[in-house]
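Remarks on the structure that follows.
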Amino acid sequence: MRLTIIATVSAIAFALTSSAQGAVADTVQHNGSFVEKLDNLNRRVIGSLAEGREVTTAGSSRFKVIFLPPPLGNLPDYGFALGVGACGLWKTQRDPLLYTSRLPVSVKFGFTNPFSFDARMQPVLYFNRNALKVSAEVFYRHRNEHYFGIGYDTNRSMERDRGVTGYQSRRFGFTPEVEWRLGRSAVYVGVVADFGYETMHNAGSYVAQAAEFQSLGGTAAKSTLMDVGAGVDISMDTRDNMLVPKRGFTLDASLLVYAKALGSDFNYSTFTIDYRHYRRLWGNDNVLSWGVVSSNAIGNNVPFARYATVGDRYVMRGYYGYQFRDKSVLKGHLEYRYMLNIDSPAGKLLLNRFGVAAWGGLALMGRNMVSYNAALPEIGAGLRLKVTPRSHLRFDWGYGTATRDVMFYVGVNEMF
């Protein structure tokens, strides 16, 4: 906890350094033009960072690299985390109408016991005036996980203890995707494949004895899971920015089939629909976001690690990660975000870097998409600290009414 507080305070101090120095200078000089000059300099130096839809000039195909806000944060499941990130930007052709291709790379370390690690690369390439989109996700992670069982009653009553519900997961994943644009619309349809290999070590007493864990073969010391699947995907994205969106929406639906004939350990399918909408209420600094996510695992032999979950940090922040799982989970969320916008020298230099957020959510879980037998509400609130014009530090507190747990998060940019 001490390390988390120190790191959080250090991050705030680093983000405010330039603003604090400018505020002191302005107080001494009482010069309004100084404020404007300093603000313009700040925008020129760091304004290009974290722009989700940055466009290179005049159709240039020149490759350039920007450094992303560092993956810094605190998660209830994994503790304090810190990393580095960068993104390559270029155009595959010299075409001013072509979207900018990107290659983000990040490495994050979790200071838990034992040490956790996550390396990730997510290239997105556009060709032929945006008619063809090729993307992928490649990652390797080593972190501590928990398994509480299947279903609401079991998960709710299970004691959370690393020696009981915990295990260590080492997972490699590769998900390539090829999509074609429908006419001149924002809709893309395509095919996707998924290759994954996971090893599970040092299972706790409950996990080692669970039938779902034993079905993977191996022992409590080590069990493995191979996933090989293929399917289809349809997506649509009209957001103005991918990191801190203020308007537009995103819709993604996918169906993947995992089969032993392809090399997978089990025969099963997954079906996911993810819809998220963003709208400015008034001005530029009041944003209302809402969304619905439906996650489903289909089949009689689904490995427990691939069940749909409730307690993931991207939507339901009031519950421990992956605490609740079943064949089908339906989540809905509504969040309000406001950044200060004070028209004064103090506001421009310091106060306008701060904001607030509040949200509520509800998750339903059950054995299939039409039969839910449990409801898990949550509420939460948070603070925002603007680091660049389109990048925030985020401090969130989530409360899950079903477990009465309070979760604290620190991160960069919005969760959704």
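Chain lettering (A, B, ...) mirrors the order of the structure tokens, residue numbering begins at 1 for each chain separately, and ligand numbering begins at 1 in order of display.
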List as a PDB file with C-alpha atoms, in the first residue's frame the protein and nucleic acid residues near segment 262-264 of chain A, meaning an atom at most 6 Å away when only C-alpha atoms are counted, but skip any in the same chain fewer than 5 places from it.
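Ended up saving to selection27.pdb:
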ATOM      1  CA  MET A 226      -4.357 -24.853 -25.840  1.00  0.00           C
ATOM      2  CA  ASP A 227      -6.917 -22.701 -27.703  1.00  0.00           C
ATOM      3  CA  VAL A 228      -7.153 -22.685 -31.494  1.00  0.00           C
TER       4      VAL A 228
END
inquiry  = So, with only C-alpha atoms as the atoms that count, which of A:Val387, A:Asn202, A:Tyr126, A:Asp285 lies closest to Ile342 of chain A?
reply    = A:Asp285
task = Select from segment 238-286 of chain A everything DSSP, run on the backbone, classes as strand (DSSP E), then give the selection as a PyMOL selection string.
result = chain A and resi 248-258+268-280+286
Mind dumping the selected residues with C-alpha atoms as a CSV table (one decimal), in the first residue's frame?
chain,number,residue,atom,x,y,z
A,248,GLY,CA,-19.3,8.6,-31.4
A,249,PHE,CA,-19.8,4.9,-30.7
A,250,THR,CA,-18.1,1.6,-31.2
A,251,LEU,CA,-19.8,-1.7,-32.0
A,252,ASP,CA,-18.0,-5.1,-32.2
A,253,ALA,CA,-19.5,-8.5,-32.6
A,254,SER,CA,-17.6,-11.7,-33.0
A,255,LEU,CA,-18.2,-15.5,-33.2
A,256,LEU,CA,-15.3,-17.9,-32.8
A,257,VAL,CA,-15.4,-21.6,-32.9
A,258,TYR,CA,-12.6,-23.6,-31.1
A,268,TYR,CA,-16.5,-24.9,-27.8
A,269,SER,CA,-17.5,-21.5,-29.1
A,270,THR,CA,-17.6,-17.9,-27.9
A,271,PHE,CA,-20.0,-15.1,-29.0
A,272,THR,CA,-19.5,-11.5,-27.9
A,273,ILE,CA,-21.3,-8.2,-28.6
A,274,ASP,CA,-19.7,-5.0,-27.3
A,275,TYR,CA,-21.5,-1.7,-27.8
A,276,ARG,CA,-20.3,1.6,-26.3
A,277,HIS,CA,-21.6,5.1,-27.0
A,278,TYR,CA,-20.2,8.6,-26.1
A,279,ARG,CA,-22.0,11.9,-26.2
A,280,ARG,CA,-21.2,15.4,-25.2
A,286,ASN,CA,-19.3,17.0,-20.1
If you take only C-alpha atoms and a cut-off of 12 Å, which residues of segment 291-345 of chain A touch segment 212-224 of chain A, and what are their nearest atom pairs and distances in Å to one decimal, in chain and number order, as JSON lines?
{"residue": "A:Asn300", "atom": "CA", "partner": "A:Glu212", "partner_atom": "CA", "distance": 11.9}
{"residue": "A:Asn301", "atom": "CA", "partner": "A:Ser215", "partner_atom": "CA", "distance": 9.3}
{"residue": "A:Val302", "atom": "CA", "partner": "A:Glu212", "partner_atom": "CA", "distance": 9.0}
{"residue": "A:Pro303", "atom": "CA", "partner": "A:Glu212", "partner_atom": "CA", "distance": 6.9}
{"residue": "A:Phe304", "atom": "CA", "partner": "A:Glu212", "partner_atom": "CA", "distance": 5.9}
{"residue": "A:Ala305", "atom": "CA", "partner": "A:Phe213", "partner_atom": "CA", "distance": 8.8}
{"residue": "A:Arg306", "atom": "CA", "partner": "A:Glu212", "partner_atom": "CA", "distance": 11.1}
{"residue": "A:Tyr307", "atom": "CA", "partner": "A:Glu212", "partner_atom": "CA", "distance": 11.0}
Requested write-out: N, CA and C atoms of the selected residues, as an mmCIF file, in the first residue's frame:
data_model
loop_
_atom_site.group_PDB
_atom_site.id
_atom_site.type_symbol
_atom_site.label_atom_id
_atom_site.label_comp_id
_atom_site.auth_asym_id
_atom_site.auth_seq_id
_atom_site.Cartn_x
_atom_site.Cartn_y
_atom_site.Cartn_z
ATOM 1 N N ASN A 300 -20.714 -27.819 -24.213
ATOM 2 C CA ASN A 300 -20.786 -28.643 -23.002
ATOM 3 C C ASN A 300 -19.426 -28.905 -22.384
ATOM 4 N N ASN A 301 -18.377 -28.423 -23.026
ATOM 5 C CA ASN A 301 -17.034 -28.738 -22.536
ATOM 6 C C ASN A 301 -16.151 -27.497 -22.601
ATOM 7 N N VAL A 302 -16.663 -26.385 -22.055
ATOM 8 C CA VAL A 302 -15.916 -25.129 -22.073
ATOM 9 C C VAL A 302 -14.911 -25.121 -20.928
ATOM 10 N N PRO A 303 -13.627 -24.863 -21.174
ATOM 11 C CA PRO A 303 -12.659 -24.778 -20.079
ATOM 12 C C PRO A 303 -12.987 -23.608 -19.156
ATOM 13 N N PHE A 304 -12.777 -23.797 -17.865
ATOM 14 C CA PHE A 304 -13.217 -22.795 -16.895
ATOM 15 C C PHE A 304 -12.563 -21.434 -17.141
ATOM 16 N N ALA A 305 -11.348 -21.421 -17.668
ATOM 17 C CA ALA A 305 -10.636 -20.164 -17.893
ATOM 18 C C ALA A 305 -11.208 -19.363 -19.050
ATOM 19 N N ARG A 306 -12.167 -19.931 -19.813
ATOM 20 C CA ARG A 306 -12.751 -19.231 -20.945
ATOM 21 C C ARG A 306 -14.234 -18.922 -20.739
ATOM 22 N N TYR A 307 -14.726 -19.118 -19.528
ATOM 23 C CA TYR A 307 -16.105 -18.740 -19.230
ATOM 24 C C TYR A 307 -16.250 -17.215 -19.276
#
ask   = Of the candidates A:Val189, A:Ala131, A:Ala136, A:Leu75, which one gets nearest to Tyr319 of chain A if we count only C-alpha atoms?
value =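 Result for the nearest residue to Tyr319 of chain A: A:Leu75.
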ask   = So which one's closest to Phe115 of chain A, A:Thr238, A:Gln168, A:Thr388, A:Asn373? Using only C-alpha atoms, please.
value =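 Among the listed residues, the smallest separation from Phe115 of chain A belongs to A:Gln168.
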query = For Lys108 of chain A, which of A:Trp290, A:Phe127, A:Gly411, A:Arg160 is the closest residue, counting only C-alpha atoms?
reply =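 Using only C-alpha atoms, the shortest distance to Lys108 of chain A belongs to A:Gly411.
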Mind checking DSSP for segment 192-245 of chain A and telling me the helix (DSSP H, G or I) residues as a PDB file with N, CA and C atoms, in the first residue's frame?
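Once everything was written out, this is states02.pdb:
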ATOM      1  N   SER A 205      -5.589 -24.808  -2.976  1.00  0.00           N
ATOM      2  CA  SER A 205      -6.240 -26.064  -2.591  1.00  0.00           C
ATOM      3  C   SER A 205      -7.606 -26.235  -3.254  1.00  0.00           C
ATOM      4  N   TYR A 206      -8.406 -25.177  -3.326  1.00  0.00           N
ATOM      5  CA  TYR A 206      -9.717 -25.297  -3.960  1.00  0.00           C
ATOM      6  C   TYR A 206      -9.586 -25.499  -5.461  1.00  0.00           C
ATOM      7  N   VAL A 207      -8.692 -24.745  -6.099  1.00  0.00           N
ATOM      8  CA  VAL A 207      -8.515 -24.848  -7.542  1.00  0.00           C
ATOM      9  C   VAL A 207      -8.029 -26.235  -7.926  1.00  0.00           C
ATOM     10  N   ALA A 208      -7.060 -26.767  -7.206  1.00  0.00           N
ATOM     11  CA  ALA A 208      -6.475 -28.066  -7.536  1.00  0.00           C
ATOM     12  C   ALA A 208      -7.500 -29.197  -7.455  1.00  0.00           C
ATOM     13  N   GLN A 209      -8.492 -29.051  -6.568  1.00  0.00           N
ATOM     14  CA  GLN A 209      -9.485 -30.104  -6.392  1.00  0.00           C
ATOM     15  C   GLN A 209     -10.727 -29.902  -7.265  1.00  0.00           C
ATOM     16  N   ALA A 211     -13.215 -29.894 -10.287  1.00  0.00           N
ATOM     17  CA  ALA A 211     -13.330 -30.760 -11.466  1.00  0.00           C
ATOM     18  C   ALA A 211     -12.997 -29.995 -12.735  1.00  0.00           C
ATOM     19  N   GLU A 212     -13.329 -28.690 -12.785  1.00  0.00           N
ATOM     20  CA  GLU A 212     -13.052 -27.887 -13.974  1.00  0.00           C
ATOM     21  C   GLU A 212     -11.555 -27.742 -14.206  1.00  0.00           C
ATOM     22  N   PHE A 213     -10.788 -27.661 -13.135  1.00  0.00           N
ATOM     23  CA  PHE A 213      -9.335 -27.563 -13.260  1.00  0.00           C
ATOM     24  C   PHE A 213      -8.727 -28.916 -13.617  1.00  0.00           C
ATOM     25  N   GLN A 214      -9.213 -29.957 -12.998  1.00  0.00           N
ATOM     26  CA  GLN A 214      -8.685 -31.291 -13.273  1.00  0.00           C
ATOM     27  C   GLN A 214      -8.966 -31.744 -14.695  1.00  0.00           C
TER      28      GLN A 214
END
Neighbour list for Leu393 of chain A as a list in words, cut-off 7 Å, only C-alpha atoms, skip fewer than 6 positions in-chain =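 Once the nearby chain positions are removed, what remains is Arg384, Leu385, Lys386, Val387, Gly411, Val412 and Asn413 of chain A.
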query = Could you name the residues that touch Gly360 of chain A at 7 Å or less, counting only C-alpha atoms, but leaving out those on the same chain fewer than 3 positions away, as a list of chain:residue names?
reply =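 Counting only C-alpha atoms, the residues come to A:His333, A:Leu334, A:Glu335, A:Glu378, A:Ile379, A:Gly380.
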How about saving the chosen residues, C-alpha atoms kept, as a PDB file, in the first residue's frame?
ATOM      1  CA  HIS A 333     -23.039   0.616 -17.638  1.00  0.00           C
ATOM      2  CA  LEU A 334     -23.599   4.373 -17.589  1.00  0.00           C
ATOM      3  CA  GLU A 335     -20.852   6.885 -16.769  1.00  0.00           C
ATOM      4  CA  GLU A 378     -22.197  -1.621  -8.852  1.00  0.00           C
ATOM      5  CA  ILE A 379     -21.590   2.094  -8.378  1.00  0.00           C
ATOM      6  CA  GLY A 380     -18.428   4.146  -8.465  1.00  0.00           C
TER       7      GLY A 380
END
ask   = Which is closest to Tyr197 of chain A among A:Lys348, A:Arg184, A:Arg141, A:Arg394, if we use only C-alpha atoms?
value =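 Smallest separation from Tyr197 of chain A among the options: A:Arg141.
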Residue neighbourhood segment 82-88 of chain A, 8 Å, only C-alpha atoms, exclusion window fewer than 6 positions, as a CSV table (one decimal) with N, CA and C atoms, in the first residue's frame:
chain,number,residue,atom,x,y,z
A,63,PHE,N,7.4,7.2,-41.4
A,63,PHE,CA,7.2,6.5,-40.1
A,63,PHE,C,7.7,7.4,-39.0
A,64,LYS,N,6.9,7.5,-37.9
A,64,LYS,CA,7.3,8.2,-36.8
A,64,LYS,C,6.8,7.5,-35.5
A,65,VAL,N,7.5,7.8,-34.4
A,65,VAL,CA,7.2,7.2,-33.2
A,65,VAL,C,6.8,8.2,-32.1
A,66,ILE,N,5.7,8.0,-31.4
A,66,ILE,CA,5.4,8.8,-30.3
A,66,ILE,C,5.4,7.9,-29.0
A,67,PHE,N,5.7,8.5,-27.9
A,67,PHE,CA,5.7,7.8,-26.6
A,67,PHE,C,4.4,7.9,-26.0
A,68,LEU,N,3.8,6.8,-25.6
A,68,LEU,CA,2.4,6.9,-25.0
A,68,LEU,C,2.6,7.1,-23.5
A,69,PRO,N,1.5,7.6,-22.9
A,69,PRO,CA,1.5,7.7,-21.5
A,69,PRO,C,1.9,6.4,-20.8
A,70,PRO,N,2.7,6.4,-19.9
A,70,PRO,CA,3.2,5.1,-19.3
A,70,PRO,C,2.1,4.3,-18.7
A,71,PRO,N,2.0,2.9,-19.0
A,71,PRO,CA,1.0,2.1,-18.3
A,71,PRO,C,1.3,2.0,-16.8
A,72,LEU,N,0.7,3.0,-16.1
A,72,LEU,CA,0.9,3.1,-14.7
A,72,LEU,C,-0.5,2.8,-14.0
A,73,GLY,N,-0.5,2.2,-12.9
A,73,GLY,CA,-1.7,2.0,-12.2
A,73,GLY,C,-1.7,1.1,-11.0
A,102,ARG,N,-1.0,2.1,-37.3
A,102,ARG,CA,-0.4,2.3,-36.0
A,102,ARG,C,0.2,1.0,-35.5
A,103,LEU,N,1.2,1.1,-34.7
A,103,LEU,CA,1.8,-0.1,-34.1
A,103,LEU,C,2.1,0.2,-32.6
A,104,PRO,N,1.2,0.1,-31.7
A,104,PRO,CA,1.4,0.3,-30.3
A,104,PRO,C,2.1,-0.9,-29.6
A,105,VAL,N,3.0,-0.6,-28.8
A,105,VAL,CA,3.8,-1.6,-28.0
A,105,VAL,C,3.9,-1.2,-26.6
A,106,SER,N,3.6,-2.1,-25.7
A,106,SER,CA,3.6,-1.7,-24.3
A,106,SER,C,4.2,-2.9,-23.5
A,107,VAL,N,4.8,-2.6,-22.4
A,107,VAL,CA,5.3,-3.6,-21.4
A,107,VAL,C,5.0,-3.1,-20.0
A,108,LYS,N,4.4,-3.9,-19.2
A,108,LYS,CA,3.9,-3.5,-17.9
A,108,LYS,C,4.3,-4.5,-16.9
A,109,PHE,N,4.8,-4.0,-15.8
A,109,PHE,CA,5.3,-4.9,-14.7
A,109,PHE,C,4.4,-4.7,-13.5
A,110,GLY,N,4.0,-5.8,-12.8
A,110,GLY,CA,3.2,-5.7,-11.6
A,110,GLY,C,4.0,-6.1,-10.4
request  = Could you check how far atom CA of Leu383 of chain A sits from atom CA of Asn74 of chain A, in Å to one decimal?
outcome  =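 Spanning atom CA of Leu383 of chain A to atom CA of Asn74 of chain A is a straight-line distance of 14.1 Å.
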